[in-house]
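One file, final13.txt, carrying compact mmCIF, C-alpha atoms:
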```
# COMPACT_ATOMS: atom_id res chain seq x y z
CA MET A 30 0.00 0.00 0.00
CA LEU A 31 1.15 3.55 -0.68
CA LYS A 32 2.87 5.16 2.31
CA PHE A 33 2.38 8.89 2.80
CA TYR A 34 4.99 10.54 5.04
CA TYR A 35 3.57 13.79 6.32
CA HIS A 36 3.37 16.57 8.83
CA THR A 37 0.57 19.12 9.35
CA THR A 38 2.29 21.75 7.20
CA PRO A 39 1.12 23.15 3.82
CA ASN A 40 3.17 21.03 1.41
CA PRO A 41 2.06 17.61 2.69
CA PHE A 42 -1.56 18.76 2.58
CA LYS A 43 -1.38 19.19 -1.19
CA VAL A 44 -0.63 15.48 -1.37
CA ALA A 45 -3.31 14.59 1.18
CA LEU A 46 -5.89 16.30 -1.03
CA MET A 47 -4.58 14.54 -4.15
CA LEU A 48 -4.71 11.11 -2.48
CA GLU A 49 -8.26 11.76 -1.29
CA GLU A 50 -9.31 13.00 -4.74
CA LEU A 51 -7.93 9.83 -6.31
CA GLY A 52 -9.66 7.71 -3.68
CA ILE A 53 -6.72 5.36 -3.30
CA ASP A 54 -5.83 3.59 -0.09
CA TYR A 55 -2.77 4.81 1.74
CA ASP A 56 -1.02 4.56 5.09
CA THR A 57 -0.15 7.81 6.82
CA VAL A 58 3.29 7.92 8.44
CA PRO A 59 3.74 10.95 10.73
CA VAL A 60 7.21 12.53 10.72
CA ASP A 61 7.54 15.07 13.52
CA THR A 62 9.73 17.82 12.10
CA ARG A 63 9.84 19.78 15.38
CA LYS A 64 11.42 16.72 16.98
CA GLY A 65 13.92 16.46 14.10
CA GLU A 66 12.64 13.14 12.76
CA GLN A 67 13.23 14.37 9.18
CA HIS A 68 16.98 14.14 9.83
CA ALA A 69 16.95 10.45 10.80
CA ALA A 70 18.94 8.18 8.48
CA ASP A 71 15.89 6.12 7.53
CA PHE A 72 14.05 9.21 6.40
CA LEU A 73 17.03 10.74 4.57
CA ALA A 74 17.25 7.52 2.56
CA LEU A 75 13.80 8.43 1.24
CA ASN A 76 14.42 12.16 0.87
CA PRO A 77 17.96 13.50 1.31
CA ASN A 78 16.44 17.00 1.34
CA ALA A 79 14.97 16.22 4.81
CA LYS A 80 11.54 17.61 3.99
CA LEU A 81 7.94 16.43 3.91
CA PRO A 82 6.00 15.10 2.08
CA VAL A 83 7.35 11.86 0.64
CA ILE A 84 5.43 8.93 -0.80
CA ASP A 85 6.55 5.35 -1.18
CA ASP A 86 4.25 3.83 -3.80
CA ASP A 87 5.08 0.15 -3.47
CA GLY A 88 8.77 0.87 -3.91
CA THR A 89 8.56 3.98 -6.08
CA VAL A 90 9.73 6.80 -3.83
CA VAL A 91 8.85 10.39 -4.74
CA PHE A 92 9.70 13.54 -2.79
CA ASP A 93 8.69 17.20 -3.25
CA SER A 94 4.96 17.86 -3.06
CA ASN A 95 4.71 19.04 -6.67
CA ALA A 96 6.67 16.08 -7.99
CA ILE A 97 4.26 13.80 -6.13
CA LEU A 98 1.22 15.56 -7.64
CA LEU A 99 2.67 15.22 -11.12
CA TYR A 100 3.63 11.58 -10.54
CA LEU A 101 0.18 10.63 -9.27
CA ALA A 102 -1.63 12.64 -11.97
CA ARG A 103 0.32 10.89 -14.72
CA LYS A 104 -0.02 7.46 -13.14
CA HIS A 105 -3.77 7.71 -12.65
CA GLY A 106 -4.51 9.88 -15.69
CA ARG A 107 -6.45 12.40 -13.59
CA PHE A 108 -6.11 16.10 -12.74
CA MET A 109 -3.26 16.41 -15.27
CA PRO A 110 -3.14 19.45 -17.59
CA ALA A 111 -3.47 18.49 -21.23
CA GLU A 112 -0.23 18.38 -23.20
CA THR A 113 -1.37 21.32 -25.28
CA ASP A 114 -2.57 23.42 -22.32
CA GLY A 115 0.25 25.90 -21.82
CA GLN A 116 -1.69 28.05 -19.38
CA ALA A 117 -2.56 25.22 -16.98
CA LEU A 118 1.08 24.12 -16.85
CA SER A 119 2.27 27.70 -16.40
CA TRP A 120 -0.02 28.32 -13.46
CA PHE A 121 0.87 25.02 -11.84
CA PHE A 122 4.49 26.17 -11.82
CA PHE A 123 3.52 29.68 -10.72
CA VAL A 124 2.22 27.96 -7.59
CA ALA A 125 5.07 25.44 -7.28
CA THR A 126 8.03 27.78 -7.81
CA GLY A 127 6.46 31.09 -6.74
CA LEU A 128 3.47 31.09 -4.41
CA SER A 129 4.74 28.13 -2.36
CA PRO A 130 8.40 28.99 -1.73
CA PHE A 131 7.63 32.69 -1.28
CA SER A 132 4.88 31.82 1.22
CA GLY A 133 7.53 29.90 3.14
CA GLN A 134 9.92 32.86 3.09
CA ALA A 135 7.14 35.24 4.14
CA VAL A 136 6.34 33.03 7.13
CA HIS A 137 10.01 32.89 8.02
CA PHE A 138 10.53 36.65 7.99
CA THR A 139 7.22 37.58 9.64
CA ARG A 140 7.13 34.83 12.30
CA VAL A 141 10.47 33.12 12.87
CA HIS A 142 12.82 36.07 12.37
CA THR A 143 11.42 39.60 12.41
CA ASP A 144 14.58 41.66 12.92
CA SER A 145 15.51 42.05 9.24
CA ALA A 146 13.12 44.79 8.13
CA TYR A 147 14.34 44.68 4.53
CA ALA A 148 13.73 40.93 4.22
CA THR A 149 10.36 41.14 5.97
CA ASN A 150 9.24 43.85 3.54
CA ARG A 151 10.62 41.96 0.54
CA TYR A 152 8.69 38.77 1.27
CA GLU A 153 5.49 40.42 2.50
CA LYS A 154 5.35 42.38 -0.75
CA GLU A 155 6.30 39.39 -2.89
CA ILE A 156 3.63 37.16 -1.40
CA ALA A 157 1.02 39.92 -1.70
CA ARG A 158 2.04 40.30 -5.35
CA HIS A 159 1.56 36.57 -5.94
CA TYR A 160 -1.90 36.62 -4.35
CA ARG A 161 -2.87 39.70 -6.36
CA LEU A 162 -1.84 37.98 -9.61
CA LEU A 163 -3.74 34.84 -8.65
CA ASP A 164 -6.79 36.92 -7.72
CA ASP A 165 -6.72 38.71 -11.09
CA HIS A 166 -6.37 35.37 -12.84
CA LEU A 167 -9.31 33.84 -10.97
CA ALA A 168 -11.55 36.79 -11.92
CA SER A 169 -12.00 35.12 -15.31
CA ASN A 170 -11.10 31.48 -14.57
CA GLU A 171 -13.08 29.05 -12.44
CA TRP A 172 -10.00 27.00 -11.63
CA ILE A 173 -6.31 27.95 -11.53
CA GLY A 174 -5.49 25.89 -14.61
CA GLY A 175 -8.49 27.38 -16.45
CA SER A 176 -11.74 25.51 -16.93
CA ASP A 177 -10.78 22.23 -15.21
CA TYR A 178 -9.90 21.45 -11.60
CA ASP A 179 -6.38 20.01 -11.73
CA ILE A 180 -3.01 19.76 -9.95
CA ALA A 181 -2.58 23.55 -10.00
CA ASP A 182 -5.59 23.86 -7.69
CA ILE A 183 -4.45 20.97 -5.53
CA ALA A 184 -0.96 22.50 -5.24
CA ALA A 185 -2.33 25.93 -4.30
CA TRP A 186 -4.84 24.67 -1.75
CA GLY A 187 -2.15 23.57 0.72
CA TRP A 188 -0.72 27.07 1.09
CA VAL A 189 -3.94 29.07 0.61
CA ALA A 190 -5.38 27.18 3.60
CA MET A 191 -2.64 28.96 5.58
CA ALA A 192 -3.50 32.43 4.25
CA PRO A 193 -5.10 33.62 7.51
CA PHE A 194 -1.65 33.05 9.05
CA VAL A 195 0.65 33.97 6.13
CA LEU A 196 -1.32 37.10 5.17
CA GLU A 197 -2.53 38.06 8.66
CA ALA A 198 -1.10 41.59 8.49
CA GLN A 199 -3.16 42.34 5.37
CA GLY A 200 -6.37 40.64 6.53
CA GLY A 201 -5.92 37.12 5.22
CA LEU A 202 -7.85 36.53 2.00
CA ASP A 203 -10.09 39.61 2.42
CA PRO A 204 -8.21 41.61 -0.26
CA TYR A 205 -8.45 38.66 -2.65
CA PRO A 206 -12.17 37.87 -3.14
CA ASN A 207 -11.61 35.68 -6.21
CA VAL A 208 -9.06 33.56 -4.36
CA LYS A 209 -11.49 33.34 -1.45
CA ALA A 210 -14.33 32.17 -3.73
CA TRP A 211 -12.00 29.63 -5.36
CA PHE A 212 -10.88 28.39 -1.94
CA ASP A 213 -14.51 27.89 -0.95
CA ARG A 214 -15.09 25.89 -4.16
CA VAL A 215 -12.19 23.57 -3.36
CA ASN A 216 -13.25 23.20 0.28
CA ALA A 217 -16.72 22.16 -0.87
CA ARG A 218 -15.20 19.03 -2.39
CA PRO A 219 -15.57 15.96 -0.14
CA ALA A 220 -11.89 15.12 -0.68
CA ALA A 221 -10.86 18.44 0.91
CA GLU A 222 -12.82 17.63 4.05
CA ARG A 223 -11.24 14.18 4.27
CA ALA A 224 -7.76 15.65 3.75
CA MET A 225 -8.34 18.24 6.47
CA ALA A 226 -9.21 15.45 8.90
CA LEU A 227 -5.55 14.42 8.82
CA ARG A 228 -4.67 17.57 10.75
CA THR A 229 -5.80 16.01 13.99
CA LYS A 230 -5.02 12.35 13.32
CA PHE A 231 -1.69 12.46 15.22
CA ASP A 232 -0.34 14.59 18.04
CA PHE A 233 2.60 16.47 16.59
CA LYS A 234 4.93 18.52 18.78
CA GLN A 235 3.71 22.11 19.09
CA GLU A 236 6.52 23.82 21.03
CA MET A 237 8.97 25.89 18.99
CA ASP A 238 11.80 25.32 21.47
CA GLU A 239 15.50 25.21 20.62
CA THR A 240 15.33 21.57 19.54
CA ALA A 241 12.59 22.50 17.07
CA MET A 242 14.47 25.57 15.83
CA ARG A 243 17.63 23.54 15.28
CA ALA A 244 15.72 20.81 13.49
CA MET A 245 13.79 23.15 11.24
CA PHE A 246 16.35 25.90 10.60
CA PRO A 247 19.76 24.25 10.85
CA SER A 248 21.38 27.02 8.79
CA ASN A 249 20.90 29.36 11.75
CA PHE A 250 23.03 27.14 13.99
CA ASP A 251 25.91 26.06 11.73
CA MET B 5 7.54 29.75 -35.60
CA LEU B 6 8.09 29.44 -31.84
CA LYS B 7 8.95 32.75 -30.19
CA PHE B 8 11.36 32.65 -27.25
CA TYR B 9 11.24 35.72 -25.02
CA TYR B 10 14.45 35.88 -23.08
CA HIS B 11 17.12 37.75 -21.17
CA THR B 12 20.67 36.64 -20.32
CA THR B 13 19.69 35.38 -16.88
CA PRO B 14 19.67 31.77 -15.60
CA ASN B 15 16.02 30.82 -16.07
CA PRO B 16 15.78 31.68 -19.79
CA PHE B 17 18.98 29.73 -20.43
CA LYS B 18 17.33 26.50 -19.32
CA VAL B 19 14.88 27.00 -22.17
CA ALA B 20 17.62 28.00 -24.63
CA LEU B 21 19.34 24.69 -23.92
CA MET B 22 16.09 22.76 -24.33
CA LEU B 23 15.29 24.41 -27.66
CA GLU B 24 18.79 23.69 -28.93
CA GLU B 25 18.59 20.08 -27.73
CA LEU B 26 15.32 19.64 -29.59
CA GLY B 27 16.76 21.24 -32.70
CA ILE B 28 13.61 23.19 -33.45
CA ASP B 29 13.56 26.57 -35.15
CA TYR B 30 12.72 29.56 -32.99
CA ASP B 31 12.84 33.33 -32.99
CA THR B 32 14.56 35.01 -30.07
CA VAL B 33 12.80 38.07 -28.67
CA PRO B 34 14.98 40.03 -26.24
CA VAL B 35 13.18 41.57 -23.25
CA ASP B 36 15.45 43.98 -21.38
CA THR B 37 14.50 43.58 -17.73
CA ARG B 38 16.87 46.32 -16.54
CA LYS B 39 14.94 48.73 -18.77
CA GLY B 40 11.64 47.46 -17.34
CA GLU B 41 10.37 45.93 -20.60
CA GLN B 42 8.87 43.01 -18.62
CA HIS B 43 6.26 45.42 -17.21
CA ALA B 44 4.95 46.55 -20.60
CA ALA B 45 1.29 45.67 -21.25
CA ASP B 46 2.14 43.54 -24.29
CA PHE B 47 4.48 41.41 -22.24
CA LEU B 48 2.16 41.14 -19.23
CA ALA B 49 -0.47 39.74 -21.57
CA LEU B 50 1.92 36.84 -22.15
CA ASN B 51 3.08 36.51 -18.54
CA PRO B 52 1.33 38.50 -15.83
CA ASN B 53 4.18 37.51 -13.48
CA ALA B 54 6.48 39.88 -15.44
CA LYS B 55 9.33 37.40 -15.67
CA LEU B 56 11.38 35.70 -18.32
CA PRO B 57 11.35 33.27 -20.06
CA VAL B 58 8.11 32.91 -22.01
CA ILE B 59 7.46 30.97 -25.20
CA ASP B 60 4.70 31.46 -27.74
CA ASP B 61 4.49 28.20 -29.65
CA ASP B 62 2.23 29.18 -32.54
CA GLY B 63 -0.37 30.53 -30.14
CA THR B 64 0.29 28.29 -27.13
CA VAL B 65 1.84 30.59 -24.55
CA VAL B 66 3.81 29.08 -21.65
CA PHE B 67 5.61 30.93 -18.87
CA ASP B 68 7.93 29.74 -16.05
CA SER B 69 11.10 28.05 -17.25
CA ASN B 70 10.21 24.69 -15.70
CA ALA B 71 6.70 24.71 -17.14
CA ILE B 72 8.24 25.35 -20.56
CA LEU B 73 10.67 22.44 -20.15
CA LEU B 74 7.83 20.13 -19.18
CA TYR B 75 5.61 21.39 -22.01
CA LEU B 76 8.30 20.90 -24.65
CA ALA B 77 9.39 17.52 -23.25
CA ARG B 78 5.82 16.20 -23.40
CA LYS B 79 5.13 17.69 -26.82
CA HIS B 80 8.27 16.28 -28.41
CA GLY B 81 8.49 13.10 -26.32
CA ARG B 82 12.11 13.79 -25.39
CA PHE B 83 14.03 14.40 -22.15
CA MET B 84 10.91 13.54 -20.14
CA PRO B 85 11.23 11.35 -17.03
CA ALA B 86 9.34 8.09 -17.39
CA GLU B 87 5.97 7.96 -15.65
CA THR B 88 7.28 5.35 -13.24
CA ASP B 89 10.55 7.17 -12.49
CA GLY B 90 9.90 8.79 -9.12
CA GLN B 91 13.49 9.79 -8.56
CA ALA B 92 13.88 11.69 -11.85
CA LEU B 93 10.69 13.65 -11.16
CA SER B 94 11.75 14.33 -7.56
CA TRP B 95 15.12 15.74 -8.59
CA PHE B 96 13.59 17.85 -11.35
CA PHE B 97 11.47 19.52 -8.68
CA PHE B 98 14.40 19.72 -6.26
CA VAL B 99 15.97 21.95 -8.92
CA ALA B 100 12.77 23.81 -9.86
CA THR B 101 11.46 24.59 -6.36
CA GLY B 102 14.72 24.51 -4.39
CA LEU B 103 18.02 25.08 -6.16
CA SER B 104 16.58 27.72 -8.51
CA PRO B 105 14.56 29.98 -6.20
CA PHE B 106 17.13 29.70 -3.40
CA SER B 107 19.90 30.62 -5.86
CA GLY B 108 17.89 33.72 -6.65
CA GLN B 109 17.51 34.59 -2.96
CA ALA B 110 21.22 33.97 -2.36
CA VAL B 111 22.12 36.37 -5.18
CA HIS B 112 19.73 38.94 -3.77
CA PHE B 113 21.15 38.84 -0.26
CA THR B 114 24.82 38.62 -1.24
CA ARG B 115 24.78 41.12 -4.15
CA VAL B 116 21.73 43.35 -4.20
CA HIS B 117 21.18 43.82 -0.47
CA THR B 118 23.95 42.89 1.96
CA ASP B 119 22.84 44.70 5.13
CA SER B 120 20.64 41.91 6.53
CA ALA B 121 23.23 39.57 8.02
CA TYR B 122 20.63 37.03 9.10
CA ALA B 123 19.11 36.77 5.61
CA THR B 124 22.53 36.66 3.94
CA ASN B 125 23.56 33.78 6.20
CA ARG B 126 20.24 31.98 5.71
CA TYR B 127 20.45 31.94 1.92
CA GLU B 128 24.20 31.33 1.68
CA LYS B 129 23.77 28.26 3.89
CA GLU B 130 20.62 27.11 2.09
CA ILE B 131 22.21 27.29 -1.33
CA ALA B 132 25.36 25.54 -0.07
CA ARG B 133 23.11 22.83 1.36
CA HIS B 134 21.37 22.38 -2.00
CA TYR B 135 24.71 22.09 -3.82
CA ARG B 136 26.02 19.62 -1.25
CA LEU B 137 22.91 17.42 -1.69
CA LEU B 138 23.25 17.61 -5.46
CA ASP B 139 26.95 16.77 -5.21
CA ASP B 140 26.23 13.73 -3.04
CA HIS B 141 23.52 12.63 -5.48
CA LEU B 142 25.84 12.96 -8.49
CA ALA B 143 28.50 10.82 -6.79
CA SER B 144 26.47 7.79 -7.87
CA ASN B 145 24.37 9.15 -10.75
CA GLU B 146 25.65 10.25 -14.14
CA TRP B 147 22.73 12.62 -14.63
CA ILE B 148 20.50 14.41 -12.15
CA GLY B 149 17.47 12.29 -13.02
CA GLY B 150 19.57 9.12 -12.78
CA SER B 151 20.88 7.27 -15.82
CA ASP B 152 19.36 9.51 -18.53
CA TYR B 153 19.98 13.13 -19.45
CA ASP B 154 16.61 14.85 -19.06
CA ILE B 155 14.80 18.04 -18.06
CA ALA B 156 16.29 17.90 -14.53
CA ASP B 157 19.74 18.43 -16.06
CA ILE B 158 18.47 21.10 -18.42
CA ALA B 159 16.76 22.90 -15.53
CA ALA B 160 19.87 22.79 -13.34
CA TRP B 161 22.30 23.89 -16.04
CA GLY B 162 20.91 27.45 -16.21
CA TRP B 163 21.71 28.16 -12.56
CA VAL B 164 24.85 26.04 -12.22
CA ALA B 165 26.38 28.10 -15.04
CA MET B 166 26.10 31.01 -12.58
CA ALA B 167 27.81 29.14 -9.71
CA PRO B 168 31.08 31.11 -9.97
CA PHE B 169 28.96 34.17 -9.15
CA VAL B 170 26.35 32.67 -6.80
CA LEU B 171 28.89 30.62 -4.82
CA GLU B 172 31.85 32.99 -5.15
CA ALA B 173 32.44 33.26 -1.38
CA GLN B 174 32.90 29.49 -1.12
CA GLY B 175 35.00 29.08 -4.26
CA GLY B 176 32.35 28.44 -6.92
CA LEU B 177 32.02 24.75 -7.76
CA ASP B 178 35.37 23.78 -6.16
CA PRO B 179 33.70 22.20 -3.08
CA TYR B 180 31.36 20.22 -5.36
CA PRO B 181 33.52 18.07 -7.67
CA ASN B 182 30.64 15.85 -8.78
CA VAL B 183 28.56 18.86 -9.79
CA LYS B 184 31.60 20.25 -11.59
CA ALA B 185 32.10 16.98 -13.52
CA TRP B 186 28.37 16.87 -14.38
CA PHE B 187 28.50 20.51 -15.54
CA ASP B 188 31.43 19.65 -17.83
CA ARG B 189 29.42 16.75 -19.27
CA VAL B 190 26.49 19.05 -20.09
CA ASN B 191 28.77 21.72 -21.53
CA ALA B 192 30.33 19.13 -23.84
CA ARG B 193 26.99 18.77 -25.60
CA PRO B 194 26.80 20.80 -28.83
CA ALA B 195 23.39 22.19 -27.77
CA ALA B 196 24.98 23.81 -24.70
CA GLU B 197 27.49 25.66 -26.85
CA ARG B 198 24.74 26.90 -29.16
CA ALA B 199 22.61 28.01 -26.21
CA MET B 200 25.56 29.89 -24.69
CA ALA B 201 25.98 31.81 -27.95
CA LEU B 202 22.69 33.59 -27.15
CA ARG B 203 24.46 35.44 -24.35
CA THR B 204 26.05 37.86 -26.80
CA LYS B 205 23.38 37.94 -29.50
CA PHE B 206 21.82 41.19 -28.20
CA ASP B 207 23.14 44.14 -26.23
CA PHE B 208 21.21 44.15 -22.97
CA LYS B 209 21.47 47.01 -20.52
CA GLN B 210 24.27 46.40 -18.01
CA GLU B 211 23.90 49.31 -15.55
CA MET B 212 22.15 48.54 -12.27
CA ASP B 213 20.91 52.13 -11.90
CA GLU B 214 17.73 53.18 -10.13
CA THR B 215 15.57 52.47 -13.19
CA ALA B 216 16.93 48.92 -13.22
CA MET B 217 16.47 48.49 -9.46
CA ARG B 218 12.87 49.71 -9.68
CA ALA B 219 12.14 47.44 -12.63
CA MET B 220 13.68 44.35 -11.07
CA PHE B 221 12.81 44.81 -7.38
CA PRO B 222 9.59 46.81 -7.30
CA SER B 223 8.77 45.58 -3.78
CA ASN B 224 11.63 47.74 -2.48
CA PHE B 225 9.99 50.88 -3.84
CA ASP B 226 6.29 50.40 -3.06
```

Once more with this new file: its structure as structure tokens, please.
Amino acid sequence: MLKFYYHTTPNPFKVALMLEELGIDYDTVPVDTRKGEQHAADFLALNPNAKLPVIDDDGTVVFDSNAILLYLARKHGRFMPAETDGQALSWFFFVATGLSPFSGQAVHFTRVHTDSAYATNRYEKEIARHYRLLDDHLASNEWIGGSDYDIADIAAWGWVAMAPFVLEAQGGLDPYPNVKAWFDRVNARPAAERAMALRTKFDFKQEMDETAMRAMFPSNFD
Amino acid sequence: MLKFYYHTTPNPFKVALMLEELGIDYDTVPVDTRKGEQHAADFLALNPNAKLPVIDDDGTVVFDSNAILLYLARKHGRFMPAETDGQALSWFFFVATGLSPFSGQAVHFTRVHTDSAYATNRYEKEIARHYRLLDDHLASNEWIGGSDYDIADIAAWGWVAMAPFVLEAQGGLDPYPNVKAWFDRVNARPAAERAMALRTKFDFKQEMDETAMRAMFPSNFD
């Protein structure tokens, strides 16, 4: 059976939604990143990048949330942009290489480290810019890839679910009504509700103590 | 004929290499980002994200360098990881969502803005970590995806070509002999030489004056 290594952070939840959409059976394997379990040798053998999520699909190991979405979409022939659909592919990567990593940087410089005013401004503005572009795009598109719900939506959902936190200073999704309406459309899908249920399936460590900081941000302690 | 909108920066050069590998005819359209040409209405209609590269393949517009690689690989059935090859897909996204955006942040905080010591350290360490992981991976793999040259290599080449600049403080590729050997293997391909020739095809603006800073880093001037 497919094993899904996860934590209750945005990137694994993209994969949770995809697995629920596909309706395939899987085992959830919690990896507690605040305890440093992502640095254990067994886990690094699956993903040397020491990050969640990872899947082990009966021996086929895939890491990076977007790689997993693409792998599963191709394997099952569902939620995959058509070969000729340049816009759907473009927006999938806008989410994968823009919205997602810049959301992560914005969280870092507004929550973890707030003493670098330049960096905080840079990432707050960059993430607002990404949301504004997505909002403009969704003014005339039902789904992020265009007319069909696909991996671009599934990829975006993981981080947009965190918007109340990531965009707190600007009022969460309030300035982005089209993103908000899109988010409601995704949440109305039964798969989204099932994916969300994983948030409380295991007790993950909550404390951001020094052990957690060292495990999650080793570059600050080198 | 396919139009290739580009600038002499790392992301467009991934696409230049791909086009040369495929041996298809294309027109190069220079977009001078230091003059702000990426913010012109005509260009934003192609890519609202105001970034290079973009292709217009007889009406099919694709933006984001990695989306373009995937689009062209699928269309032409070349350099595409097999559907069952989880590792090749994983490493393609390691490059697309990790090595590439973190290289960009490292350049920003070591060249453009150097007064945020925390951010400079964060991104110098993160990019070194990505290169170390890639170097370890290439100790036992000829190509980034594994045994075949594919879009993971083509994606990485654009940024690795900038390593003498991005990694200058640590001696460029010297600490990463396996990456260096891989880079030499890619450069030995005739397509790489032809792609590199695009660097001098047009005279792009060189000065990083205030116009250039405003065009490239608008979030600093909001």

For CA of Gln174 in chain B and CA of Tyr122 in chain B, quote the distance in Å rounded to one decimal.
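Those two atoms sit 17.7 Å apart.
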
Residues near Met191 in chain A, cut-off 12 Å, only C-alpha atoms, skip fewer than 5 positions along chain, as a list in words
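Close residues of Met191 in chain A: Thr37, Thr38, Pro39, Asn40, Phe42, Lys43, Leu128, Ser129, Ser132, Gly133, Ala135, Val136, Ala185, Trp186, Leu196, Glu197, Gly201, Leu202 and Phe212 of chain A.
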
Taking only C-alpha atoms into account and nothing else, which residues of chain A lie no more than 8 Å away from chain B? Please answer as a PyMOL selection string.
chain A and resi 77-78+89-93+95-97+100+103-104+112-116+118-119+121-123+125-126+130+145+147-148+150-151+154-155+162+248-249

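Across the model, the gap from CA of Gly174 in chain A to CA of Ala156 in chain B is 23.2 Å.
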
Hey, what's within 9 Å of Ala168 in chain A if we count only C-alpha atoms and toss same-chain stuff fewer than 5 positions away? As a PyMOL selection string, please?
chain A and resi 163+206-208

Selection file, C-alpha atoms, as a CSV table (one decimal), in the frame of the given file:
```csv
chain,number,residue,atom,x,y,z
A,163,LEU,CA,-3.7,34.8,-8.6
A,206,PRO,CA,-12.2,37.9,-3.1
A,207,ASN,CA,-11.6,35.7,-6.2
A,208,VAL,CA,-9.1,33.6,-4.4
```

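For the atom pair formed by CA of Pro179 in chain B and CA of Tyr135 in chain B, the distance is 9.0 Å, given to one decimal.
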
Counting all atoms listed in the file, what is within 10 Å of Trp186 in chain B, bar same-chain residues fewer than 4 positions away, as a ChimeraX atom specification?
/B:139,142-143,145-148,157,161,181-182,190-192

For the selection you just gave me, I'd like the residues written to a file as an mmCIF file, in the coordinates of the input, keeping C-alpha atoms.
```
data_model
loop_
_atom_site.group_PDB
_atom_site.id
_atom_site.type_symbol
_atom_site.label_atom_id
_atom_site.label_comp_id
_atom_site.auth_asym_id
_atom_site.auth_seq_id
_atom_site.Cartn_x
_atom_site.Cartn_y
_atom_site.Cartn_z
ATOM 1 C CA ASP B 139 26.950 16.770 -5.210
ATOM 2 C CA LEU B 142 25.840 12.960 -8.490
ATOM 3 C CA ALA B 143 28.500 10.820 -6.790
ATOM 4 C CA ASN B 145 24.370 9.150 -10.750
ATOM 5 C CA GLU B 146 25.650 10.250 -14.140
ATOM 6 C CA TRP B 147 22.730 12.620 -14.630
ATOM 7 C CA ILE B 148 20.500 14.410 -12.150
ATOM 8 C CA ASP B 157 19.740 18.430 -16.060
ATOM 9 C CA TRP B 161 22.300 23.890 -16.040
ATOM 10 C CA PRO B 181 33.520 18.070 -7.670
ATOM 11 C CA ASN B 182 30.640 15.850 -8.780
ATOM 12 C CA VAL B 190 26.490 19.050 -20.090
ATOM 13 C CA ASN B 191 28.770 21.720 -21.530
ATOM 14 C CA ALA B 192 30.330 19.130 -23.840
#
```

Of the candidates B:Gly27, B:Gly175, B:Pro16, B:Gly40, which shows the shortest atom-to-atom distance to Lys209 in chain B, using only C-alpha atoms?
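So, comparing all the options, the nearest one is B:Gly40.
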
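For the set B:Ala54, B:Val19, B:Ala199, B:Ala185, the residue with the smallest atom-to-atom gap to Val35 in chain B is B:Ala54, counting all atoms listed in the file.
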
Which residue gives the smallest distance to Ala198 in chain A among A:Arg161, A:Arg140, A:Lys230, A:Arg243, with all atoms listed in the file counted?
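Distance minimum relative to Ala198 in chain A lands on A:Arg140.
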
Would you compute the box with edges along x, y and z of the file around range 173-187 of chain B, including every atom the file lists for it and 4 Å extra on each side, and give its centre and edge lengths in Å to one decimal, as lines of an AutoDock Vina configuration file?
```
center_x = 31.9
center_y = 24.6
center_z = -8.3
size_x = 15.0
size_y = 25.4
size_z = 22.4
```

Exercise: residues within 7 Å of coordinate (3.0, 15.1, 10.0), counting all atoms listed in the file, as a list in words
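Residues satisfying the cut-off, written out: Tyr35, His36, Thr37, Pro59, Val60, Asp61 and Phe233 of chain A.
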
Would you mind listing what lies within 9 Å of Thr37 in chain B as a ChimeraX atom specification, with only C-alpha atoms counted and same-chain residues fewer than 5 positions away left out?
/B:11,42-43,55-56,208-209,216,219-220

Do a neighbour search on Asp54 in chain A at 8 Å with all atoms listed in the file, toss out local chain neighbours closer than 6 positions, and write the hits as a list in words.
Met30, Leu31 and Leu48 of chain A

Filled-in N, CA and C atoms of range 234-241 of chain A, supplied as an mmCIF file, in the frame of the given file:
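New file out.cif:
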```cif
data_model
loop_
_atom_site.group_PDB
_atom_site.id
_atom_site.type_symbol
_atom_site.label_atom_id
_atom_site.label_comp_id
_atom_site.auth_asym_id
_atom_site.auth_seq_id
_atom_site.Cartn_x
_atom_site.Cartn_y
_atom_site.Cartn_z
ATOM 1 N N LYS A 234 4.358 17.559 17.826
ATOM 2 C CA LYS A 234 4.930 18.520 18.780
ATOM 3 C C LYS A 234 4.539 19.939 18.398
ATOM 4 N N GLN A 235 4.120 20.728 19.351
ATOM 5 C CA GLN A 235 3.710 22.110 19.090
ATOM 6 C C GLN A 235 4.781 23.124 19.479
ATOM 7 N N GLU A 236 5.578 22.833 20.490
ATOM 8 C CA GLU A 236 6.520 23.820 21.030
ATOM 9 C C GLU A 236 7.605 24.175 20.006
ATOM 10 N N MET A 237 7.852 25.456 19.813
ATOM 11 C CA MET A 237 8.970 25.890 18.990
ATOM 12 C C MET A 237 10.159 26.195 19.897
ATOM 13 N N ASP A 238 10.650 25.142 20.578
ATOM 14 C CA ASP A 238 11.800 25.320 21.470
ATOM 15 C C ASP A 238 13.099 25.213 20.666
ATOM 16 N N GLU A 239 14.234 25.197 21.353
ATOM 17 C CA GLU A 239 15.500 25.210 20.620
ATOM 18 C C GLU A 239 15.686 23.947 19.788
ATOM 19 N N THR A 240 15.246 22.816 20.318
ATOM 20 C CA THR A 240 15.330 21.570 19.540
ATOM 21 C C THR A 240 14.580 21.725 18.220
ATOM 22 N N ALA A 241 13.384 22.300 18.282
ATOM 23 C CA ALA A 241 12.590 22.500 17.070
ATOM 24 C C ALA A 241 13.274 23.480 16.121
#
```
